[in-house]
$ cat query_2.tsv   # TSV, C-alpha atoms
chain	number	residue	atom	x	y	z
A	158	MET	CA	18.71	56.90	-35.01
A	159	ARG	CA	18.84	58.42	-38.49
A	160	TYR	CA	21.34	61.03	-37.24
A	161	TYR	CA	23.67	58.41	-35.76
A	162	ARG	CA	23.42	56.24	-38.86
A	163	GLU	CA	24.20	59.14	-41.19
A	164	ILE	CA	27.05	60.54	-39.12
A	165	ASN	CA	28.61	57.05	-38.85
A	166	ASP	CA	28.34	56.65	-42.62
A	167	PHE	CA	29.84	60.07	-43.22
A	168	PHE	CA	32.94	59.52	-41.10
A	169	ARG	CA	33.44	56.02	-42.43
A	170	GLU	CA	33.30	57.24	-46.04
A	171	HIS	CA	34.91	60.67	-45.75
A	172	GLY	CA	36.78	60.90	-42.45
A	173	HIS	CA	40.12	60.20	-44.12
A	174	GLU	CA	39.69	63.33	-46.25
A	175	TYR	CA	40.01	65.74	-43.33
A	176	ASP	CA	42.91	67.18	-41.34
A	177	ILE	CA	40.72	69.02	-38.83
A	178	ILE	CA	37.31	68.72	-37.20
A	179	TRP	CA	36.01	71.87	-35.50
A	180	ASP	CA	33.07	71.02	-33.24
A	181	ASN	CA	31.19	74.09	-31.98
A	182	GLU	CA	28.88	73.34	-29.05
A	183	CYS	CA	26.98	75.03	-26.25
A	184	MET	CA	27.28	71.82	-24.22
A	185	PHE	CA	28.82	68.40	-24.79
A	186	ASN	CA	25.80	66.20	-24.18
A	187	ASP	CA	26.62	64.38	-27.43
A	188	MET	CA	30.26	63.97	-28.42
A	189	THR	CA	29.59	61.69	-31.39
A	190	PRO	CA	31.36	63.94	-33.96
A	191	LEU	CA	34.52	64.10	-31.84
A	192	LYS	CA	34.39	60.38	-31.04
A	193	LYS	CA	34.05	59.46	-34.71
A	194	ALA	CA	36.81	61.87	-35.68
A	195	ALA	CA	39.12	60.22	-33.16
A	196	GLU	CA	38.17	56.73	-34.38
A	197	VAL	CA	39.04	57.51	-38.02
A	198	GLY	CA	42.22	59.32	-37.05
A	199	ILE	CA	41.52	62.96	-37.91
A	200	PRO	CA	44.68	64.49	-36.40
A	201	VAL	CA	43.32	67.83	-35.09
A	202	ARG	CA	40.04	67.65	-33.16
A	203	ILE	CA	38.85	71.01	-31.83
A	204	ALA	CA	36.14	71.27	-29.18
A	205	HIS	CA	34.86	74.85	-29.13
A	206	CYS	CA	32.48	75.76	-26.28
A	207	HIS	CA	30.15	78.78	-26.45
A	208	ASN	CA	28.19	78.70	-23.18
A	209	PRO	CA	28.98	78.58	-19.46
A	210	GLN	CA	25.72	76.89	-18.35
A	211	ASN	CA	22.83	74.75	-19.55
A	212	MET	CA	20.49	77.09	-21.44
A	213	ASP	CA	17.52	74.69	-21.48
A	214	LYS	CA	15.55	74.22	-18.25
A	215	SER	CA	13.02	71.80	-19.76
A	216	ALA	CA	12.95	68.07	-18.97
A	217	ILE	CA	14.92	67.38	-22.14
A	218	GLY	CA	17.38	70.07	-21.12
A	219	HIS	CA	17.93	68.41	-17.73
A	220	VAL	CA	18.72	65.14	-19.49
A	221	GLN	CA	21.15	66.92	-21.79
A	222	GLY	CA	22.73	68.60	-18.78
A	223	PHE	CA	23.22	65.25	-17.08
A	224	LEU	CA	24.85	63.84	-20.22
A	225	HIS	CA	27.10	66.90	-20.42
A	226	ARG	CA	28.27	66.40	-16.84
A	227	VAL	CA	29.04	62.76	-17.61
A	228	ASN	CA	30.78	63.49	-20.89
A	229	HIS	CA	32.88	66.54	-20.19
A	230	HIS	CA	35.20	64.62	-17.86
A	231	SER	CA	36.29	62.51	-20.82
A	232	LEU	CA	36.44	65.35	-23.35
A	233	SER	CA	40.21	65.10	-23.69
A	234	ARG	CA	39.90	61.47	-24.83
A	235	TYR	CA	38.39	62.66	-28.09
A	236	ALA	CA	39.44	66.31	-28.52
A	237	ASN	CA	43.04	67.47	-28.49
A	238	VAL	CA	42.37	71.21	-28.79
A	239	LEU	CA	39.98	73.11	-26.50
A	240	TRP	CA	38.71	76.56	-27.46
A	241	ALA	CA	36.10	78.69	-25.71
A	242	CYS	CA	34.59	82.12	-26.21
A	243	SER	CA	35.36	82.94	-22.56
A	244	MET	CA	37.09	81.32	-19.62
A	245	GLU	CA	33.69	80.73	-18.00
A	246	SER	CA	32.70	78.66	-21.03
A	247	ALA	CA	35.99	76.76	-20.86
A	248	LYS	CA	35.28	75.74	-17.26
A	249	TRP	CA	31.80	74.57	-18.25
A	250	ALA	CA	33.25	72.47	-21.06
A	251	CYS	CA	36.09	70.93	-19.12
A	252	PRO	CA	36.11	71.84	-15.41
A	253	ALA	CA	39.14	69.70	-14.61
A	254	MET	CA	41.03	71.68	-17.30
A	255	ASP	CA	43.02	68.56	-18.15
A	256	LEU	CA	43.01	69.88	-21.72
A	257	PRO	CA	44.75	73.26	-22.13
A	258	CYS	CA	42.28	75.88	-23.25
A	259	GLU	CA	42.62	78.94	-25.43
A	260	VAL	CA	40.02	81.68	-25.31
A	261	ILE	CA	39.16	82.63	-28.89
A	262	PRO	CA	37.27	85.93	-28.92
A	263	ASN	CA	34.00	86.29	-30.75
A	264	ALA	CA	34.18	88.98	-33.40
A	265	ILE	CA	31.96	91.25	-35.47
A	266	ASP	CA	32.23	93.50	-38.49
A	267	ALA	CA	31.88	96.70	-36.50
A	268	GLN	CA	31.56	98.81	-39.63
A	269	MET	CA	28.24	97.08	-40.41
A	270	PHE	CA	26.74	98.55	-37.25
A	271	ARG	CA	27.95	102.11	-37.78
A	272	PHE	CA	25.21	104.52	-36.71
A	273	SER	CA	23.12	106.11	-39.46
A	274	GLU	CA	20.54	108.80	-38.73
A	275	GLN	CA	18.82	108.03	-42.03
A	276	VAL	CA	18.46	104.31	-41.23
A	277	ARG	CA	17.20	105.23	-37.77
A	278	ARG	CA	14.43	107.39	-39.27
A	279	GLU	CA	13.50	104.72	-41.82
A	280	VAL	CA	13.20	101.92	-39.26
A	281	ARG	CA	11.31	104.02	-36.74
A	282	GLU	CA	8.86	105.13	-39.42
A	283	GLN	CA	8.42	101.55	-40.62
A	284	TYR	CA	7.34	100.37	-37.16
A	285	GLY	CA	5.55	103.48	-35.96
A	286	LEU	CA	8.21	104.36	-33.42
A	287	GLU	CA	8.52	108.07	-34.15
A	288	ASN	CA	8.79	110.15	-30.97
A	289	CYS	CA	9.03	106.96	-28.89
A	290	LEU	CA	11.55	105.85	-26.29
A	291	VAL	CA	12.64	102.55	-27.85
A	292	VAL	CA	14.12	99.83	-25.68
A	293	GLY	CA	15.57	96.98	-27.72
A	294	HIS	CA	16.67	93.42	-27.08
A	295	VAL	CA	18.20	90.82	-29.41
A	296	GLY	CA	18.30	87.16	-28.41
A	297	ARG	CA	16.75	83.72	-28.59
A	298	LEU	CA	13.47	83.65	-26.67
A	299	GLN	CA	14.30	81.22	-23.88
A	300	TYR	CA	15.23	80.99	-20.21
A	301	GLN	CA	18.88	81.96	-20.67
A	302	LYS	CA	18.01	85.38	-22.09
A	303	ASN	CA	15.48	86.15	-19.33
A	304	GLN	CA	12.90	88.03	-21.41
A	305	THR	CA	10.23	87.32	-18.78
A	306	PHE	CA	12.12	89.61	-16.40
A	307	LEU	CA	12.55	92.14	-19.21
A	308	LEU	CA	8.78	92.32	-19.77
A	309	ASP	CA	8.24	92.96	-16.05
A	310	ALA	CA	10.85	95.72	-16.10
A	311	PHE	CA	9.36	97.26	-19.23
A	312	ARG	CA	5.88	97.40	-17.68
A	313	HIS	CA	7.29	99.64	-14.95
A	314	LEU	CA	9.18	101.69	-17.52
A	315	HIS	CA	6.02	102.21	-19.55
A	316	GLU	CA	4.25	103.47	-16.45
A	317	ARG	CA	6.94	106.15	-16.23
A	318	GLU	CA	7.21	106.84	-19.96
A	319	GLU	CA	3.95	106.54	-21.88
A	320	LYS	CA	5.80	106.67	-25.22
A	321	ALA	CA	8.10	103.77	-24.32
A	322	ARG	CA	8.16	100.78	-26.67
A	323	LEU	CA	9.94	97.43	-26.35
A	324	VAL	CA	11.32	95.70	-29.45
A	325	LEU	CA	12.24	92.01	-29.12
A	326	VAL	CA	14.29	90.57	-31.97
A	327	GLY	CA	14.56	86.78	-32.04
A	328	ASP	CA	12.53	83.61	-31.84
A	329	GLY	CA	12.52	80.59	-29.58
A	330	PRO	CA	10.53	78.19	-27.42
A	331	ASP	CA	9.25	80.91	-25.06
A	332	LEU	CA	7.56	83.03	-27.74
A	333	THR	CA	3.98	82.01	-26.96
A	334	GLU	CA	4.54	82.36	-23.22
A	335	LEU	CA	6.07	85.82	-23.63
A	336	GLU	CA	3.27	87.01	-25.91
A	337	ALA	CA	0.73	85.85	-23.32
A	338	LYS	CA	2.64	87.57	-20.53
A	339	ALA	CA	2.64	90.85	-22.46
A	340	VAL	CA	-1.16	90.59	-22.66
A	341	THR	CA	-1.43	89.80	-18.95
A	342	LEU	CA	0.72	92.85	-18.13
A	343	GLY	CA	-1.38	95.03	-20.43
A	344	ILE	CA	1.55	96.04	-22.63
A	345	GLU	CA	0.84	93.95	-25.73
A	346	ARG	CA	0.36	97.10	-27.85
A	347	GLU	CA	3.73	98.47	-26.73
A	348	VAL	CA	5.80	95.32	-27.33
A	349	LEU	CA	6.95	94.38	-30.84
A	350	PHE	CA	7.96	90.76	-31.46
A	351	LEU	CA	9.96	90.91	-34.70
A	352	GLY	CA	11.17	87.30	-34.85
A	353	ASN	CA	14.45	86.17	-36.40
A	354	ARG	CA	15.98	88.86	-38.59
A	355	ASP	CA	18.93	89.26	-40.90
A	356	ASP	CA	18.95	93.07	-40.56
A	357	VAL	CA	19.82	93.44	-36.88
A	358	ASN	CA	22.42	96.06	-37.82
A	359	ARG	CA	19.58	98.25	-39.13
A	360	LEU	CA	17.18	97.57	-36.27
A	361	LEU	CA	19.79	98.59	-33.69
A	362	GLN	CA	19.84	102.07	-35.22
A	363	ALA	CA	16.23	102.61	-34.11
A	364	PHE	CA	16.84	101.77	-30.45
A	365	ASP	CA	17.53	104.29	-27.68
A	366	LEU	CA	18.71	101.65	-25.22
A	367	PHE	CA	19.78	98.02	-25.49
A	368	VAL	CA	18.85	95.75	-22.56
A	369	MET	CA	20.26	92.25	-21.93
A	370	PRO	CA	19.14	90.78	-18.56
A	371	SER	CA	20.54	87.29	-19.30
A	372	HIS	CA	20.95	84.74	-16.52
A	373	PHE	CA	24.27	83.88	-18.19
A	374	GLU	CA	26.12	84.25	-21.49
A	375	GLY	CA	29.09	82.54	-23.05
A	376	PHE	CA	30.06	85.99	-24.22
A	377	GLY	CA	27.14	88.20	-25.27
A	378	MET	CA	27.57	88.98	-28.97
A	379	ALA	CA	24.38	91.05	-29.19
A	380	ALA	CA	25.74	93.44	-26.55
A	381	LEU	CA	28.94	93.85	-28.56
A	382	GLU	CA	26.91	94.65	-31.69
A	383	ALA	CA	24.81	97.16	-29.75
A	384	GLN	CA	27.98	98.92	-28.59
A	385	ALA	CA	29.23	99.04	-32.18
A	386	ALA	CA	25.99	100.88	-33.01
A	387	GLY	CA	26.79	103.41	-30.28
A	388	LEU	CA	23.94	102.32	-28.01
A	389	PRO	CA	23.93	102.60	-24.23
A	390	CYS	CA	23.59	99.05	-22.89
A	391	LEU	CA	22.02	97.86	-19.64
A	392	ILE	CA	23.19	94.28	-19.05
A	393	SER	CA	23.05	91.81	-16.19
A	394	ASP	CA	26.17	91.56	-14.04
A	395	SER	CA	26.24	87.81	-14.67
A	396	ILE	CA	27.57	88.46	-18.20
A	397	THR	CA	31.34	88.34	-18.56
A	398	ARG	CA	33.01	91.75	-18.28
A	399	ASP	CA	34.96	90.87	-21.43
A	400	VAL	CA	31.98	92.12	-23.46
A	401	ILE	CA	32.39	95.68	-22.13
A	402	VAL	CA	34.63	97.42	-24.65
A	403	THR	CA	33.23	100.96	-24.96
A	404	GLU	CA	33.87	103.54	-22.30
A	405	GLY	CA	30.74	104.79	-20.57
A	406	LEU	CA	28.18	102.96	-22.72
A	407	VAL	CA	27.64	99.77	-20.69
A	408	LYS	CA	26.13	99.41	-17.23
A	409	PRO	CA	26.22	95.95	-15.56
A	410	TYR	CA	23.23	95.64	-13.21
A	411	SER	CA	22.29	92.97	-10.71
A	412	LEU	CA	19.44	90.55	-11.35
A	413	GLU	CA	18.86	90.65	-7.60
A	414	LYS	CA	17.44	94.13	-8.19
A	415	GLN	CA	13.71	94.31	-8.79
A	416	PRO	CA	12.25	94.85	-12.30
A	417	GLU	CA	11.19	98.33	-11.18
A	418	ASP	CA	14.81	99.13	-10.29
A	419	TRP	CA	15.83	98.09	-13.81
A	420	SER	CA	13.20	100.42	-15.26
A	421	VAL	CA	14.53	103.34	-13.22
A	422	GLU	CA	18.07	102.61	-14.37
A	423	ALA	CA	16.91	102.30	-17.98
A	424	VAL	CA	15.26	105.72	-17.92
A	425	ARG	CA	18.33	107.22	-16.28
A	426	MET	CA	20.64	105.81	-18.97
A	427	VAL	CA	18.42	107.02	-21.81
A	428	ARG	CA	18.24	110.54	-20.39
A	429	GLU	CA	21.95	110.58	-19.65
A	430	ASN	CA	22.73	109.74	-23.27
A	431	SER	CA	19.93	111.72	-24.95
A	432	ASP	CA	22.21	114.60	-25.90
A	433	SER	CA	25.12	112.40	-26.92
A	434	THR	CA	26.09	111.88	-30.54
A	435	ARG	CA	26.10	108.20	-31.41
A	436	GLU	CA	29.50	107.38	-32.82
A	437	CYS	CA	31.08	104.39	-34.51
A	438	GLN	CA	32.93	102.36	-31.89
A	439	ARG	CA	35.01	100.33	-34.34
A	440	GLU	CA	38.32	101.60	-32.97
A	441	GLN	CA	37.54	100.39	-29.44
A	442	ILE	CA	36.26	97.04	-30.73
A	443	VAL	CA	39.41	96.50	-32.80
A	444	LYS	CA	41.58	97.47	-29.83
A	445	ALA	CA	39.75	94.95	-27.62
A	446	GLY	CA	40.44	92.16	-30.13
A	447	TYR	CA	36.89	91.63	-31.42
A	448	ASP	CA	37.41	92.75	-35.01
A	449	LEU	CA	36.22	90.22	-37.58
A	450	ASP	CA	38.98	90.87	-40.11
A	451	ALA	CA	41.68	90.20	-37.52
A	452	LEU	CA	40.02	87.00	-36.30
A	453	VAL	CA	39.53	85.66	-39.84
A	454	LYS	CA	43.26	86.22	-40.46
A	455	TRP	CA	44.09	84.37	-37.23
A	456	TYR	CA	41.93	81.37	-38.22
A	457	GLN	CA	43.37	81.35	-41.72
A	458	ASP	CA	46.94	81.33	-40.40
A	459	TYR	CA	46.14	78.67	-37.79
A	460	PHE	CA	44.51	76.23	-40.18
A	461	THR	CA	47.04	76.84	-42.94
A	462	ARG	CA	49.89	76.14	-40.51
A	463	ILE	CA	48.30	72.83	-39.50
A	464	ILE	CA	47.50	71.69	-43.01
A	465	THR	CA	50.88	72.59	-44.46
A	466	GLY	CA	52.78	71.21	-41.49
$ encode --input "query_2.tsv" --output "structure tokens"
Amino acid sequence: MRYYREINDFFREHGHEYDIIWDNECMFNDMTPLKKAAEVGIPVRIAHCHNPQNMDKSAIGHVQGFLHRVNHHSLSRYANVLWACSMESAKWACPAMDLPCEVIPNAIDAQMFRFSEQVRREVREQYGLENCLVVGHVGRLQYQKNQTFLLDAFRHLHEREEKARLVLVGDGPDLTELEAKAVTLGIEREVLFLGNRDDVNRLLQAFDLFVMPSHFEGFGMAALEAQAAGLPCLISDSITRDVIVTEGLVKPYSLEKQPEDWSVEAVRMVRENSDSTRECQREQIVKAGYDLDALVKWYQDYFTRIITG
């Protein structure tokens, strides 16, 4: 109730000051910002969708999913611009596509993730990962990212490679459950839960393989960052192919395969790339349209054009 009261007050007092509202959502279970923007007459109302499915399987998540299914059919009543990070996300936002959609690529500063042997040594020493096979994952700890499956796969991998370690970067509602599962599987000493971090670019340097077994992704930014760091990436085949921008580094793999199959593929990819020199992939990322500088320029030109008429 406080949220609705405050957002009503805000638009009533300040709505007339704005030319544009840019509403970024994973799902449109609550369209209050867009509704209020339409009521006060903000001329450009952008709905920007970042996911192709409901990422919350809890009871609350099911309610939110129901509200999304009700609301998205009337999205064009309140928004007059539809953006999405992928066409899959656009269909989730507005399946009837009665509002023309533009796919706006996610972008990164690829130079930030440039591989550094010195940083690799520093991070591996910091976490006791010297001489280890390090499998890494970056993502919110919840159903969408499928870390439960990843732990099962890693158990099999550790049986094959005693020096294997799994590094999970991120936090979320499944943390306690995943920590307990690691204990049950007997791999709690080999799994590092590092929580939310602002130095992912450094942590990626320490990995030998990046794994992303997500049930779905709007795009898969973490996989793009891992490629920028020159990492081989084992990802689920449910992730949009748009995220694959580096030749030979990314392997889409089916979630219908067993966790043991994933472990076999992981070992194969690590060995296949063990003699390779990790290189900066900025050129490929720029060519694919995911360069941050270029996207910032596009946004700047777009908003300036609207504001200046």
$ atom_distance --input "query_2.tsv" --atom1 "atom CA of A:Gly343" --atom2 "atom CA of A:Gln304"
15.9 Å
$ closest_residue --input "query_2.tsv" --among "A:Val291, A:Val453, A:Ala267, A:Ile401" --to "A:Glu436" --atoms "all atoms listed in the file"
A:Ala267
$ residues_near_point --input "query_2.tsv" --point "(18.3, 93.4, -37.6)" --cutoff "12 Å" --atoms "all atoms listed in the file" --output "PyMOL selection string"
chain A and resi 269-270+276-277+280+293-296+324-327+351-364+379+382-383+386
$ atom_distance --input "query_2.tsv" --atom1 "atom CA of A:Ala385" --atom2 "atom CA of A:Phe311"
23.8 Å
$ atom_distance --input "query_2.tsv" --atom1 "atom CA of A:Gln301" --atom2 "atom CA of A:His372"
5.4 Å
$ residues_around --input "query_2.tsv" --residues "A:Pro209" --least-positions-apart "6" --cutoff "10 Å" --atoms "only C-alpha atoms" --output "ChimeraX atom specification"
/A:183-184,241-250,373-376
$ closest_residue --input "query_2.tsv" --among "A:Asp328, A:Phe306, A:Ile396, A:Gly377" --to "A:Lys414" --atoms "only C-alpha atoms"
A:Phe306
$ decode --input "query_2.tsv" --residues "stretch 385-409 of chain A" --atoms "N, CA and C atoms" --output "PDB file, in the first residue's frame"
ATOM      1  N   ALA A 385      33.942 -12.708 -23.271  1.00  0.00           N
ATOM      2  CA  ALA A 385      34.865 -11.575 -23.340  1.00  0.00           C
ATOM      3  C   ALA A 385      36.161 -11.886 -22.600  1.00  0.00           C
ATOM      4  N   ALA A 386      36.069 -12.709 -21.555  1.00  0.00           N
ATOM      5  CA  ALA A 386      37.252 -13.113 -20.787  1.00  0.00           C
ATOM      6  C   ALA A 386      37.992 -14.279 -21.443  1.00  0.00           C
ATOM      7  N   GLY A 387      37.512 -14.716 -22.608  1.00  0.00           N
ATOM      8  CA  GLY A 387      38.182 -15.786 -23.332  1.00  0.00           C
ATOM      9  C   GLY A 387      37.911 -17.172 -22.809  1.00  0.00           C
ATOM     10  N   LEU A 388      36.830 -17.330 -22.030  1.00  0.00           N
ATOM     11  CA  LEU A 388      36.526 -18.626 -21.414  1.00  0.00           C
ATOM     12  C   LEU A 388      35.708 -19.529 -22.346  1.00  0.00           C
ATOM     13  N   PRO A 389      36.021 -20.828 -22.356  1.00  0.00           N
ATOM     14  CA  PRO A 389      35.084 -21.764 -22.970  1.00  0.00           C
ATOM     15  C   PRO A 389      33.815 -21.808 -22.127  1.00  0.00           C
ATOM     16  N   CYS A 390      32.667 -21.894 -22.779  1.00  0.00           N
ATOM     17  CA  CYS A 390      31.375 -21.798 -22.091  1.00  0.00           C
ATOM     18  C   CYS A 390      30.483 -22.969 -22.471  1.00  0.00           C
ATOM     19  N   LEU A 391      30.018 -23.680 -21.458  1.00  0.00           N
ATOM     20  CA  LEU A 391      29.054 -24.760 -21.638  1.00  0.00           C
ATOM     21  C   LEU A 391      27.707 -24.243 -21.166  1.00  0.00           C
ATOM     22  N   ILE A 392      26.761 -24.062 -22.101  1.00  0.00           N
ATOM     23  CA  ILE A 392      25.479 -23.446 -21.768  1.00  0.00           C
ATOM     24  C   ILE A 392      24.332 -24.347 -22.207  1.00  0.00           C
ATOM     25  N   SER A 393      23.176 -24.167 -21.594  1.00  0.00           N
ATOM     26  CA  SER A 393      22.022 -24.965 -21.993  1.00  0.00           C
ATOM     27  C   SER A 393      21.525 -24.510 -23.355  1.00  0.00           C
ATOM     28  N   ASP A 394      20.962 -25.439 -24.118  1.00  0.00           N
ATOM     29  CA  ASP A 394      20.480 -25.094 -25.454  1.00  0.00           C
ATOM     30  C   ASP A 394      19.140 -24.360 -25.421  1.00  0.00           C
ATOM     31  N   SER A 395      18.634 -24.071 -24.216  1.00  0.00           N
ATOM     32  CA  SER A 395      17.423 -23.265 -24.106  1.00  0.00           C
ATOM     33  C   SER A 395      17.735 -21.769 -24.126  1.00  0.00           C
ATOM     34  N   ILE A 396      19.000 -21.419 -24.047  1.00  0.00           N
ATOM     35  CA  ILE A 396      19.423 -20.012 -24.078  1.00  0.00           C
ATOM     36  C   ILE A 396      19.511 -19.563 -25.531  1.00  0.00           C
ATOM     37  N   THR A 397      19.039 -18.351 -25.799  1.00  0.00           N
ATOM     38  CA  THR A 397      19.044 -17.844 -27.165  1.00  0.00           C
ATOM     39  C   THR A 397      20.431 -17.933 -27.795  1.00  0.00           C
ATOM     40  N   ARG A 398      20.476 -18.333 -29.060  1.00  0.00           N
ATOM     41  CA  ARG A 398      21.748 -18.426 -29.779  1.00  0.00           C
ATOM     42  C   ARG A 398      22.379 -17.059 -30.001  1.00  0.00           C
ATOM     43  N   ASP A 399      21.606 -15.993 -29.782  1.00  0.00           N
ATOM     44  CA  ASP A 399      22.145 -14.646 -29.962  1.00  0.00           C
ATOM     45  C   ASP A 399      23.333 -14.384 -29.052  1.00  0.00           C
ATOM     46  N   VAL A 400      23.431 -15.125 -27.943  1.00  0.00           N
ATOM     47  CA  VAL A 400      24.504 -14.886 -26.982  1.00  0.00           C
ATOM     48  C   VAL A 400      25.830 -15.489 -27.448  1.00  0.00           C
ATOM     49  N   ILE A 401      25.799 -16.330 -28.467  1.00  0.00           N
ATOM     50  CA  ILE A 401      27.022 -16.971 -28.956  1.00  0.00           C
ATOM     51  C   ILE A 401      27.687 -16.051 -29.976  1.00  0.00           C
ATOM     52  N   VAL A 402      28.779 -15.427 -29.575  1.00  0.00           N
ATOM     53  CA  VAL A 402      29.434 -14.452 -30.453  1.00  0.00           C
ATOM     54  C   VAL A 402      30.894 -14.783 -30.730  1.00  0.00           C
ATOM     55  N   THR A 403      31.468 -15.763 -30.046  1.00  0.00           N
ATOM     56  CA  THR A 403      32.876 -16.094 -30.228  1.00  0.00           C
ATOM     57  C   THR A 403      33.007 -17.479 -30.843  1.00  0.00           C
ATOM     58  N   GLU A 404      33.761 -17.557 -31.883  1.00  0.00           N
ATOM     59  CA  GLU A 404      33.893 -18.809 -32.626  1.00  0.00           C
ATOM     60  C   GLU A 404      34.621 -19.866 -31.810  1.00  0.00           C
ATOM     61  N   GLY A 405      33.961 -21.006 -31.619  1.00  0.00           N
ATOM     62  CA  GLY A 405      34.596 -22.146 -30.985  1.00  0.00           C
ATOM     63  C   GLY A 405      34.625 -22.158 -29.477  1.00  0.00           C
ATOM     64  N   LEU A 406      34.149 -21.086 -28.809  1.00  0.00           N
ATOM     65  CA  LEU A 406      34.233 -21.039 -27.355  1.00  0.00           C
ATOM     66  C   LEU A 406      32.977 -21.551 -26.658  1.00  0.00           C
ATOM     67  N   VAL A 407      31.845 -21.558 -27.338  1.00  0.00           N
ATOM     68  CA  VAL A 407      30.562 -21.841 -26.683  1.00  0.00           C
ATOM     69  C   VAL A 407      29.959 -23.136 -27.203  1.00  0.00           C
ATOM     70  N   LYS A 408      29.512 -23.972 -26.276  1.00  0.00           N
ATOM     71  CA  LYS A 408      28.864 -25.235 -26.616  1.00  0.00           C
ATOM     72  C   LYS A 408      27.466 -25.266 -26.004  1.00  0.00           C
ATOM     73  N   PRO A 409      26.393 -25.153 -26.815  1.00  0.00           N
ATOM     74  CA  PRO A 409      25.044 -25.350 -26.276  1.00  0.00           C
ATOM     75  C   PRO A 409      24.818 -26.847 -26.039  1.00  0.00           C
TER      76      PRO A 409
END
